[in-house]
$ cat protein-v4.cif   # mmCIF, C-alpha atoms
data_query
loop_
_atom_site.label_atom_id
_atom_site.label_comp_id
_atom_site.auth_asym_id
_atom_site.auth_seq_id
_atom_site.Cartn_x
_atom_site.Cartn_y
_atom_site.Cartn_z
CA MET O 30 0.00 0.00 0.00
CA GLU O 31 1.23 3.49 -0.86
CA THR O 32 2.29 5.49 2.20
CA VAL O 33 3.07 9.09 2.95
CA THR O 34 6.00 9.48 5.34
CA GLN O 35 6.62 12.03 8.06
CA GLN O 36 9.64 13.24 6.11
CA GLU O 37 7.59 13.79 2.96
CA ILE O 38 4.99 15.78 4.91
CA GLU O 39 7.71 17.83 6.60
CA GLN O 40 9.34 18.59 3.25
CA ALA O 41 6.02 19.53 1.63
CA ILE O 42 5.02 21.85 4.49
CA SER O 43 8.46 23.46 4.54
CA LYS O 44 8.44 24.08 0.78
CA ALA O 45 4.88 25.43 0.72
CA SER O 46 5.42 27.64 3.78
CA ARG O 47 8.64 29.12 2.42
CA GLU O 48 6.91 29.93 -0.87
CA VAL O 49 4.02 31.72 0.86
CA PHE O 50 6.21 33.62 3.34
CA GLU O 51 8.67 34.73 0.64
CA THR O 52 6.17 35.53 -2.10
CA MET O 53 3.20 37.09 -0.33
CA LEU O 54 4.23 37.97 3.21
CA ASN O 55 7.86 39.03 2.85
CA LEU O 56 8.49 37.76 6.37
CA PRO O 57 11.48 35.71 7.59
CA LEU O 58 10.85 32.01 8.14
CA GLU O 59 12.76 29.24 9.83
CA ILE O 60 11.72 25.63 10.20
CA ASP O 61 12.46 24.23 13.67
CA PRO O 62 13.96 20.78 12.93
CA SER O 63 13.78 19.75 16.60
CA VAL O 64 9.98 19.95 16.66
CA VAL O 65 9.10 17.93 13.55
CA ARG O 66 7.31 14.90 14.99
CA ASN O 67 4.21 12.77 14.99
CA VAL O 68 1.54 13.86 17.43
CA ILE O 69 -1.73 12.18 18.34
CA GLU O 70 -3.72 15.41 18.45
CA PRO O 71 -2.77 19.06 18.20
CA GLU O 72 -2.38 20.65 21.64
CA THR O 73 -4.66 23.04 23.52
CA PHE O 74 -4.76 26.49 21.97
CA HIS O 75 -4.99 30.09 22.88
CA GLY O 76 -5.06 31.96 19.62
CA VAL O 77 -6.03 31.45 16.01
CA VAL O 78 -6.43 28.09 14.28
CA ALA O 79 -7.18 27.59 10.60
CA LEU O 80 -8.33 24.20 9.30
CA VAL O 81 -8.33 23.07 5.68
CA GLY O 82 -9.57 19.63 4.62
CA VAL O 83 -8.22 17.46 1.80
CA ALA O 84 -10.40 14.84 0.12
CA GLY O 85 -10.25 12.34 -2.69
CA ALA O 86 -8.87 8.81 -2.87
CA TRP O 87 -6.84 10.02 0.11
CA THR O 88 -8.23 12.04 3.01
CA GLY O 89 -6.38 14.56 5.12
CA ALA O 90 -6.36 17.93 6.78
CA GLY O 91 -4.07 20.80 7.57
CA HIS O 92 -4.22 22.62 10.87
CA MET O 93 -2.34 25.90 11.26
CA SER O 94 -2.14 27.66 14.64
CA CYS O 95 -0.50 30.80 15.93
CA SER O 96 -0.82 33.44 18.64
CA PRO O 97 -3.22 36.39 18.21
CA GLU O 98 -0.19 38.69 17.89
CA PHE O 99 1.32 36.63 15.07
CA ALA O 100 -2.07 36.46 13.35
CA GLN O 101 -2.17 40.27 13.38
CA ARG O 102 1.39 40.40 12.03
CA LEU O 103 0.55 37.92 9.23
CA ALA O 104 -2.52 39.91 8.24
CA GLY O 105 -0.52 43.15 8.34
CA ALA O 106 2.12 41.69 6.05
CA LEU O 107 -0.44 40.26 3.63
CA LEU O 108 -2.67 43.34 3.45
CA MET O 109 -0.08 46.05 4.15
CA THR O 110 -2.12 47.37 7.05
CA GLU O 111 -1.46 47.42 10.79
CA TYR O 112 -3.81 45.54 13.11
CA ASP O 113 -3.97 45.85 16.89
CA SER O 114 -6.66 43.24 17.45
CA VAL O 115 -7.92 40.03 15.87
CA ASN O 116 -10.78 41.25 13.73
CA GLU O 117 -12.57 39.82 10.70
CA GLU O 118 -9.83 40.94 8.29
CA VAL O 119 -7.16 39.24 10.40
CA LEU O 120 -9.13 35.99 10.54
CA ASP O 121 -9.72 36.12 6.79
CA ALA O 122 -6.02 36.72 6.16
CA VAL O 123 -4.97 33.80 8.39
CA ALA O 124 -7.51 31.58 6.61
CA GLU O 125 -6.02 32.56 3.27
CA VAL O 126 -2.45 31.92 4.42
CA ALA O 127 -3.54 28.45 5.58
CA ASN O 128 -5.38 27.91 2.31
CA MET O 129 -2.25 28.73 0.31
CA ILE O 130 0.12 26.60 2.44
CA ILE O 131 -2.15 23.54 2.71
CA GLY O 132 -3.28 23.97 -0.91
CA ASN O 133 0.31 23.81 -2.06
CA VAL O 134 1.01 20.81 0.18
CA LYS O 135 -2.00 19.14 -1.44
CA THR O 136 -0.63 19.90 -4.91
CA ILE O 137 2.73 18.33 -3.97
CA PHE O 138 1.03 15.10 -2.81
CA GLU O 139 -1.26 14.92 -5.85
CA GLU O 140 1.77 13.82 -7.84
CA LYS O 141 1.98 10.77 -5.59
CA VAL O 142 -1.61 9.90 -4.67
CA GLY O 143 -3.70 11.35 -7.50
CA PRO O 144 -6.25 14.20 -7.65
CA LEU O 145 -7.35 15.70 -4.33
CA GLY O 146 -9.95 18.32 -3.50
CA LEU O 147 -9.55 21.11 -0.97
CA THR O 148 -12.21 22.45 1.40
CA VAL O 149 -12.65 26.14 2.03
CA PRO O 150 -10.74 27.08 5.20
CA THR O 151 -12.36 27.31 8.63
CA VAL O 152 -10.80 29.70 11.11
CA ILE O 153 -11.29 29.74 14.88
CA PHE O 154 -10.18 32.30 17.48
CA GLY O 155 -10.46 31.65 21.19
CA ARG O 156 -8.84 30.55 24.45
CA ASN O 157 -8.11 27.10 25.85
CA TYR O 158 -9.70 24.93 23.19
CA GLN O 159 -8.81 21.74 21.37
CA THR O 160 -9.61 20.47 17.90
CA ARG O 161 -10.18 16.84 17.00
CA SER O 162 -10.59 14.85 13.78
CA ALA O 163 -12.52 11.61 14.18
CA GLY O 164 -10.47 8.52 13.51
CA VAL O 165 -7.16 10.34 13.02
CA LYS O 166 -4.27 9.10 15.14
CA ASP O 167 -1.23 10.53 13.43
CA TRP O 168 -0.60 14.16 12.65
CA VAL O 169 2.80 15.42 11.62
CA LEU O 170 3.71 18.63 13.41
CA VAL O 171 6.06 21.15 11.80
CA ARG O 172 6.99 24.24 13.80
CA LEU O 173 7.89 27.47 12.03
CA HIS O 174 9.49 30.58 13.48
CA SER O 175 9.31 34.09 12.08
CA GLY O 176 11.43 36.33 14.30
CA GLU O 177 10.00 35.99 17.81
CA ASP O 178 6.74 34.48 16.57
CA ARG O 179 5.86 30.82 16.24
CA MET O 180 3.43 28.93 14.05
CA ASP O 181 2.57 25.23 14.24
CA ILE O 182 1.34 23.37 11.19
CA ASN O 183 -0.13 19.89 11.65
CA PHE O 184 -1.02 17.71 8.68
CA TYR O 185 -2.17 14.18 8.02
CA LEU O 186 -2.98 12.27 4.85
CA MET O 187 -4.20 8.68 4.62
CA PRO O 188 -6.00 6.50 2.09
CA SER O 189 -9.74 7.20 2.26
CA ARG O 190 -10.61 3.51 2.63
CA VAL O 191 -8.53 3.39 5.82
CA MET O 192 -10.17 6.59 7.07
CA HIS O 193 -13.63 5.27 6.23
CA HIS O 194 -12.90 1.99 7.99
CA ALA O 195 -11.63 3.73 11.12
CA GLN O 196 -14.64 6.04 11.34
CA HIS O 197 -17.19 3.30 10.93
CA ARG O 198 -15.56 0.66 13.11
CA PRO O 199 -15.29 2.29 16.55
CA GLU O 200 -13.60 -0.79 18.01
CA MET O 201 -10.61 0.00 15.82
CA LEU O 202 -10.05 3.17 17.84
CA THR O 203 -9.72 1.37 21.15
CA ALA O 204 -7.79 -1.65 19.94
CA MET Q 15 -11.61 53.07 -22.58
CA ALA Q 16 -11.74 52.30 -18.87
CA LEU Q 17 -12.11 48.63 -18.03
CA ASP Q 18 -14.53 47.41 -15.37
CA VAL Q 19 -13.12 44.39 -13.57
CA LEU Q 20 -14.77 41.68 -11.47
CA ILE Q 21 -12.71 39.94 -8.77
CA VAL Q 22 -14.22 36.61 -7.66
CA ASP Q 23 -12.75 35.05 -4.51
CA ASP Q 24 -14.23 33.91 -1.20
CA SER Q 25 -11.31 35.54 0.61
CA ALA Q 26 -11.76 39.26 1.23
CA ALA Q 27 -7.98 39.42 1.78
CA ILE Q 28 -7.25 38.15 -1.72
CA ARG Q 29 -9.87 40.47 -3.24
CA LYS Q 30 -8.17 43.40 -1.52
CA ILE Q 31 -4.70 42.33 -2.73
CA LEU Q 32 -5.86 41.84 -6.32
CA HIS Q 33 -7.64 45.20 -6.26
CA ARG Q 34 -4.37 46.83 -5.20
CA VAL Q 35 -2.45 45.03 -7.96
CA LEU Q 36 -4.98 46.19 -10.55
CA VAL Q 37 -4.53 49.81 -9.44
CA GLN Q 38 -0.76 49.41 -9.85
CA ALA Q 39 -1.01 47.63 -13.21
CA GLU Q 40 -0.91 49.45 -16.49
CA VAL Q 41 -4.62 49.02 -17.01
CA GLN Q 42 -7.09 51.81 -17.69
CA LEU Q 43 -9.13 50.80 -14.73
CA GLY Q 44 -12.80 51.64 -14.39
CA LYS Q 45 -14.87 50.23 -11.55
CA VAL Q 46 -13.68 47.18 -9.62
CA HIS Q 47 -16.49 44.86 -8.53
CA GLU Q 48 -16.19 41.96 -6.12
CA ALA Q 49 -17.98 38.65 -5.65
CA GLY Q 50 -17.47 35.89 -3.07
CA ASN Q 51 -18.38 32.93 -5.30
CA GLY Q 52 -19.52 31.98 -8.79
CA ASN Q 53 -23.19 32.62 -8.08
CA GLU Q 54 -22.58 36.15 -6.89
CA ALA Q 55 -20.31 36.70 -9.88
CA LEU Q 56 -23.00 35.63 -12.36
CA GLU Q 57 -25.39 38.11 -10.72
CA LYS Q 58 -22.80 40.89 -11.10
CA MET Q 59 -22.38 39.97 -14.76
CA LYS Q 60 -26.08 40.68 -15.30
CA THR Q 61 -25.97 44.16 -13.81
CA GLU Q 62 -22.48 45.46 -14.64
CA LYS Q 63 -20.53 45.82 -17.85
CA ILE Q 64 -17.53 43.71 -16.95
CA GLY Q 65 -14.52 43.68 -19.29
CA LEU Q 66 -12.17 41.42 -17.31
CA ILE Q 67 -12.57 38.78 -14.59
CA LEU Q 68 -10.05 37.47 -12.06
CA SER Q 69 -11.44 34.33 -10.43
CA ASP Q 70 -10.49 31.81 -7.78
CA ILE Q 71 -11.41 28.12 -8.24
CA ASN Q 72 -12.08 26.71 -4.75
CA MET Q 73 -15.11 28.64 -3.52
CA PRO Q 74 -18.32 27.69 -1.72
CA THR Q 75 -21.76 27.67 -3.43
CA MET Q 76 -20.34 27.74 -6.97
CA ASP Q 77 -16.68 27.13 -7.70
CA GLY Q 78 -14.57 28.81 -10.34
CA ILE Q 79 -14.73 25.92 -12.82
CA GLU Q 80 -18.54 25.93 -12.79
CA PHE Q 81 -18.55 29.73 -13.07
CA LEU Q 82 -16.14 29.58 -16.01
CA THR Q 83 -18.24 26.88 -17.71
CA ARG Q 84 -21.45 28.93 -17.39
CA LEU Q 85 -19.75 32.11 -18.48
CA LYS Q 86 -18.33 30.59 -21.64
CA ALA Q 87 -21.67 28.95 -22.48
CA ASP Q 88 -23.40 32.33 -22.52
CA ASP Q 89 -23.06 34.34 -25.75
CA ALA Q 90 -23.36 37.59 -23.80
CA TYR Q 91 -20.26 36.90 -21.70
CA LYS Q 92 -18.12 34.35 -23.51
CA SER Q 93 -15.74 36.97 -24.93
CA VAL Q 94 -14.92 38.39 -21.48
CA PRO Q 95 -11.38 37.27 -20.58
CA ILE Q 96 -11.07 35.41 -17.30
CA LEU Q 97 -7.79 34.94 -15.45
CA MET Q 98 -7.84 32.15 -12.87
CA VAL Q 99 -5.95 33.07 -9.68
CA THR Q 100 -6.00 30.08 -7.38
CA THR Q 101 -4.31 27.76 -4.92
CA GLU Q 102 -5.50 24.88 -7.08
CA GLY Q 103 -2.21 23.92 -8.69
CA SER Q 104 -2.85 20.47 -10.12
CA GLN Q 105 -1.97 20.15 -13.79
CA ALA Q 106 -5.35 18.55 -14.48
CA LYS Q 107 -7.22 21.57 -13.10
CA VAL Q 108 -5.00 23.99 -15.02
CA MET Q 109 -5.64 22.11 -18.26
CA GLN Q 110 -9.37 21.93 -17.52
CA ALA Q 111 -9.62 25.68 -16.93
CA LEU Q 112 -7.67 26.49 -20.08
CA ALA Q 113 -9.73 24.01 -22.13
CA LEU Q 114 -12.90 25.68 -20.87
CA GLY Q 115 -11.66 29.03 -22.15
CA ALA Q 116 -9.74 30.67 -19.29
CA ALA Q 117 -7.36 33.30 -20.69
CA GLY Q 118 -4.65 32.43 -18.18
CA TYR Q 119 -3.77 30.89 -14.87
CA VAL Q 120 -1.82 32.23 -11.88
CA LYS Q 121 -1.12 30.03 -8.88
CA LYS Q 122 -1.28 31.38 -5.33
CA PRO Q 123 0.99 32.48 -3.77
CA PHE Q 124 1.63 35.07 -6.48
CA THR Q 125 3.63 38.25 -6.90
CA ALA Q 126 2.13 41.47 -8.22
CA ASP Q 127 4.44 41.19 -11.21
CA GLN Q 128 3.05 37.76 -12.13
CA ILE Q 129 -0.48 39.16 -12.23
CA LYS Q 130 0.61 42.27 -14.17
CA GLU Q 131 2.49 40.12 -16.69
CA LYS Q 132 -0.56 37.91 -17.29
CA LEU Q 133 -2.83 40.94 -17.65
CA ALA Q 134 -0.45 42.47 -20.19
CA GLY Q 135 -0.71 39.28 -22.23
CA ILE Q 136 -4.50 39.14 -22.02
CA LEU Q 137 -5.46 42.76 -22.64
#

$ encode --input "protein-v4.cif" --output "structure tokens"
Amino acid sequence: METVTQQEIEQAISKASREVFETMLNLPLEIDPSVVRNVIEPETFHGVVALVGVAGAWTGAGHMSCSPEFAQRLAGALLMTEYDSVNEEVLDAVAEVANMIIGNVKTIFEEKVGPLGLTVPTVIFGRNYQTRSAGVKDWVLVRLHSGEDRMDINFYLMPSRVMHHAQHRPEMLTA
Amino acid sequence: MALDVLIVDDSAAIRKILHRVLVQAEVQLGKVHEAGNGNEALEKMKTEKIGLILSDINMPTMDGIEFLTRLKADDAYKSVPILMVTTEGSQAKVMQALALGAAGYVKKPFTADQIKEKLAGIL
């Protein structure tokens, strides 16, 4: 069975993120190699999270999170405006940054797993919350730094038949 | 003659960026209209005299491929050039859009110069 490795996901996220930061944000970007790892679920958040789904013969999702301050900085860089709070424009800008990064990751993996669709992004802003995807055990976390700011990108991709099986056979989750 | 432009994207951020690029481009710009999806764009086409469209592909309600298909099937609008500006980078989607009559294709993330260069080739 075809597989997608942690290293491939890390490389795809790194490439897509660099392209977006260099082309549209003009912000510095460093990948933190010590934090690339598999995680069961993304951690508890205080800040902004953007979610983008991937669907087709393979199913997946991208999950981008950052502090409110970094969200304002991202929006400022994208729209050439200063923001001092997380408003609708900031949320829209973060959603679009996630859409571009995860969209480009999706395009990279299409060469390997065939055509994939992309959902419109969902963006959430709040304190002390968690996100969860039913049936998903393995996310790959890639941590990015831009100056003092930090952004975490989590991504998973698995064959849809495996995903379908896991979601409809609850005993699989507790085995 | 000034050119009225329609920007179709579900992201207000991208609409704002493309509007700014159009102002900078060497285009005799008239009014700039915006729509959040293909349905809204088709409504704008009925009420405004649009001379150029910049459209995303992945949008809710009606995506850019469906919008492009309907536009090119309508004698009233089929000559209006449409530049696809989208995250959708798969070769199959690019070929589909061009086969349906898109005048060009720019992948997000983009630079202002990439958009200006495409517009210069279209107009």

$ resolve_selection --input "protein-v4.cif" --expression "the PyMOL selection byres ((chain O) within 6 of (chain Q))" --output "PyMOL selection string"
chain O and resi 49+122+129+132+136

$ resolve_selection --input "protein-v4.cif" --expression "the PyMOL selection byres ((chain Q and resi 70) around 7)" --output "list in words"
Val22, Asp23, Ser69, Ile71, Asn72, Gly78, Met98, Val99 and Thr100 of chain Q

$ closest_atom_pairs --input "protein-v4.cif" --of "region 112-175 of chain O" --to "region 57-69 of chain O" --cutoff "7 Å" --atoms "all atoms listed in the file" --output "Markdown table"
| residue | atom | partner | partner_atom | distance |
| --- | --- | --- | --- | --- |
| O:Lys166 | CA | O:Ile69 | CA | 5.1 |
| O:Asp167 | CA | O:Ile69 | CA | 5.2 |
| O:Trp168 | CA | O:Val68 | CA | 5.2 |
| O:Val169 | CA | O:Asn67 | CA | 4.5 |
| O:Leu170 | CA | O:Arg66 | CA | 5.4 |
| O:Val171 | CA | O:Val65 | CA | 4.8 |
| O:Arg172 | CA | O:Asp61 | CA | 5.5 |
| O:Leu173 | CA | O:Ile60 | CA | 4.6 |
| O:His174 | CA | O:Glu59 | CA | 5.1 |
| O:Ser175 | CA | O:Leu58 | CA | 4.7 |

$ residues_near_point --input "protein-v4.cif" --point "(-11.7, 29.8, -17.6)" --cutoff "9 Å" --atoms "only C-alpha atoms" --output "count of residues only"
22

$ resolve_selection --input "protein-v4.cif" --expression "the PyMOL selection byres ((chain O and resi 50) around 10)" --output "PDB file with C-alpha atoms, in the coordinates of the input"
ATOM      1  CA  ALA O  45       4.880  25.430   0.720  1.00  0.00           C
ATOM      2  CA  SER O  46       5.420  27.640   3.780  1.00  0.00           C
ATOM      3  CA  ARG O  47       8.640  29.120   2.420  1.00  0.00           C
ATOM      4  CA  GLU O  48       6.910  29.930  -0.870  1.00  0.00           C
ATOM      5  CA  VAL O  49       4.020  31.720   0.860  1.00  0.00           C
ATOM      6  CA  GLU O  51       8.670  34.730   0.640  1.00  0.00           C
ATOM      7  CA  THR O  52       6.170  35.530  -2.100  1.00  0.00           C
ATOM      8  CA  MET O  53       3.200  37.090  -0.330  1.00  0.00           C
ATOM      9  CA  LEU O  54       4.230  37.970   3.210  1.00  0.00           C
ATOM     10  CA  ASN O  55       7.860  39.030   2.850  1.00  0.00           C
ATOM     11  CA  LEU O  56       8.490  37.760   6.370  1.00  0.00           C
ATOM     12  CA  PRO O  57      11.480  35.710   7.590  1.00  0.00           C
ATOM     13  CA  LEU O  58      10.850  32.010   8.140  1.00  0.00           C
ATOM     14  CA  LEU O 103       0.550  37.920   9.230  1.00  0.00           C
ATOM     15  CA  ALA O 106       2.120  41.690   6.050  1.00  0.00           C
ATOM     16  CA  LEU O 107      -0.440  40.260   3.630  1.00  0.00           C
ATOM     17  CA  VAL O 126      -2.450  31.920   4.420  1.00  0.00           C
ATOM     18  CA  ILE O 130       0.120  26.600   2.440  1.00  0.00           C
ATOM     19  CA  SER O 175       9.310  34.090  12.080  1.00  0.00           C
TER      20      SER O 175
ATOM     21  CA  PRO Q 123       0.990  32.480  -3.770  1.00  0.00           C
TER      22      PRO Q 123
END

$ closest_residue --input "protein-v4.cif" --among "Q:Leu20, Q:Val35, Q:Thr61, Q:Thr75" --to "Glu48 (chain Q)" --atoms "all atoms listed in the file"
Q:Leu20

$ residues_around --input "protein-v4.cif" --residues "Gly91 (chain O)" --least-positions-apart "6" --cutoff "8 Å" --atoms "all atoms listed in the file" --output "PyMOL selection string"
chain O and resi 80-83+127+131+182-185

$ atom_distance --input "protein-v4.cif" --atom1 "CA of Pro97 (chain O)" --atom2 "CA of Gly76 (chain O)"
5.0 Å

$ residues_around --input "protein-v4.cif" --residues "Ala90 (chain Q)" --least-positions-apart "6" --cutoff "12 Å" --atoms "all atoms listed in the file" --output "list in words"
Leu56, Met59, Lys60, Lys63, Ile64, Gly65 and Arg84 of chain Q

$ write_last_selection --input "protein-v4.cif" --atoms "C-alpha atoms" --output "compact mmCIF listing (two decimals), in the coordinates of the input"
# COMPACT_ATOMS: atom_id res chain seq x y z
CA LEU Q 56 -23.00 35.63 -12.36
CA MET Q 59 -22.38 39.97 -14.76
CA LYS Q 60 -26.08 40.68 -15.30
CA LYS Q 63 -20.53 45.82 -17.85
CA ILE Q 64 -17.53 43.71 -16.95
CA GLY Q 65 -14.52 43.68 -19.29
CA ARG Q 84 -21.45 28.93 -17.39

$ residues_around --input "protein-v4.cif" --residues "Glu40 (chain Q)" --least-positions-apart "2" --cutoff "12 Å" --atoms "all atoms listed in the file" --output "ChimeraX atom specification"
/Q:16-17,35-38,42-43,126-127,129-135,137

$ atom_distance --input "protein-v4.cif" --atom1 "CA of Val142 (chain O)" --atom2 "CA of Glu39 (chain O)"
16.6 Å

$ residues_around --input "protein-v4.cif" --residues "Val134 (chain O)" --least-positions-apart "3" --cutoff "6 Å" --atoms "all atoms listed in the file" --output "list in words"
Ala41, Ile42, Ile131 and Ile137 of chain O

$ atom_distance --input "protein-v4.cif" --atom1 "CA of Asp89 (chain Q)" --atom2 "CA of Val108 (chain Q)"
23.4 Å

$ residues_around --input "protein-v4.cif" --residues "Arg102 (chain O)" --least-positions-apart "5" --cutoff "10 Å" --atoms "all atoms listed in the file" --output "list of chain:residue names"
O:Leu54, O:Leu56, O:Ser96, O:Pro97, O:Leu107, O:Leu108, O:Met109, O:Thr110, O:Glu111, O:Tyr112, O:Asp113, O:Val119, O:Val123, O:Asp178

$ closest_residue --input "protein-v4.cif" --among "Q:Arg29, Q:Val41, Q:Ile136, Q:Val46" --to "Lys58 (chain Q)" --atoms "only C-alpha atoms"
Q:Val46

$ decode --input "protein-v4.cif" --residues "region 86-112 of chain Q" --atoms "N, CA and C atoms" --output "CSV table (one decimal), in the first residue's frame"
chain,number,residue,atom,x,y,z
Q,86,LYS,N,-18.7,30.8,-20.3
Q,86,LYS,CA,-18.3,30.6,-21.6
Q,86,LYS,C,-19.5,30.0,-22.5
Q,87,ALA,N,-20.5,29.5,-21.8
Q,87,ALA,CA,-21.7,29.0,-22.5
Q,87,ALA,C,-22.7,30.0,-22.8
Q,88,ASP,N,-22.5,31.2,-22.3
Q,88,ASP,CA,-23.4,32.3,-22.5
Q,88,ASP,C,-22.8,33.3,-23.6
Q,89,ASP,N,-23.5,33.5,-24.7
Q,89,ASP,CA,-23.1,34.3,-25.8
Q,89,ASP,C,-22.8,35.8,-25.3
Q,90,ALA,N,-23.5,36.2,-24.3
Q,90,ALA,CA,-23.4,37.6,-23.8
Q,90,ALA,C,-22.0,37.8,-23.1
Q,91,TYR,N,-21.5,36.7,-22.5
Q,91,TYR,CA,-20.3,36.9,-21.7
Q,91,TYR,C,-19.0,36.1,-22.2
Q,92,LYS,N,-19.2,35.3,-23.2
Q,92,LYS,CA,-18.1,34.3,-23.5
Q,92,LYS,C,-16.9,35.0,-24.0
Q,93,SER,N,-17.0,36.3,-24.5
Q,93,SER,CA,-15.7,37.0,-24.9
Q,93,SER,C,-15.0,37.7,-23.8
Q,94,VAL,N,-15.6,37.7,-22.6
Q,94,VAL,CA,-14.9,38.4,-21.5
Q,94,VAL,C,-13.7,37.5,-21.0
Q,95,PRO,N,-12.5,38.1,-21.0
Q,95,PRO,CA,-11.4,37.3,-20.6
Q,95,PRO,C,-11.4,37.0,-19.1
Q,96,ILE,N,-11.1,35.8,-18.7
Q,96,ILE,CA,-11.1,35.4,-17.3
Q,96,ILE,C,-9.7,34.8,-16.9
Q,97,LEU,N,-9.1,35.4,-15.9
Q,97,LEU,CA,-7.8,34.9,-15.4
Q,97,LEU,C,-8.0,34.2,-14.1
Q,98,MET,N,-7.7,32.9,-14.1
Q,98,MET,CA,-7.8,32.1,-12.9
Q,98,MET,C,-6.7,32.4,-11.9
Q,99,VAL,N,-7.0,32.8,-10.7
Q,99,VAL,CA,-6.0,33.1,-9.7
Q,99,VAL,C,-6.3,32.2,-8.5
Q,100,THR,N,-5.5,31.1,-8.3
Q,100,THR,CA,-6.0,30.1,-7.4
Q,100,THR,C,-4.9,29.3,-6.7
Q,101,THR,N,-5.2,28.7,-5.6
Q,101,THR,CA,-4.3,27.8,-4.9
Q,101,THR,C,-4.3,26.4,-5.6
Q,102,GLU,N,-5.3,26.2,-6.4
Q,102,GLU,CA,-5.5,24.9,-7.1
Q,102,GLU,C,-4.4,24.7,-8.1
Q,103,GLY,N,-3.4,24.0,-7.8
Q,103,GLY,CA,-2.2,23.9,-8.7
Q,103,GLY,C,-2.1,22.6,-9.5
Q,104,SER,N,-3.0,21.7,-9.4
Q,104,SER,CA,-2.9,20.5,-10.1
Q,104,SER,C,-2.9,20.7,-11.6
Q,105,GLN,N,-2.1,20.0,-12.3
Q,105,GLN,CA,-2.0,20.2,-13.8
Q,105,GLN,C,-3.3,19.9,-14.5
Q,106,ALA,N,-4.0,18.9,-13.9
Q,106,ALA,CA,-5.3,18.5,-14.5
Q,106,ALA,C,-6.3,19.7,-14.4
Q,107,LYS,N,-6.3,20.4,-13.3
Q,107,LYS,CA,-7.2,21.6,-13.1
Q,107,LYS,C,-6.8,22.7,-14.0
Q,108,VAL,N,-5.5,22.9,-14.1
Q,108,VAL,CA,-5.0,24.0,-15.0
Q,108,VAL,C,-5.5,23.7,-16.4
Q,109,MET,N,-5.3,22.5,-16.9
Q,109,MET,CA,-5.6,22.1,-18.3
Q,109,MET,C,-7.1,22.2,-18.5
Q,110,GLN,N,-7.9,21.8,-17.4
Q,110,GLN,CA,-9.4,21.9,-17.5
Q,110,GLN,C,-9.8,23.4,-17.7
Q,111,ALA,N,-9.2,24.3,-16.9
Q,111,ALA,CA,-9.6,25.7,-16.9
Q,111,ALA,C,-9.3,26.3,-18.3
Q,112,LEU,N,-8.1,25.9,-18.8
Q,112,LEU,CA,-7.7,26.5,-20.1
Q,112,LEU,C,-8.5,25.9,-21.2
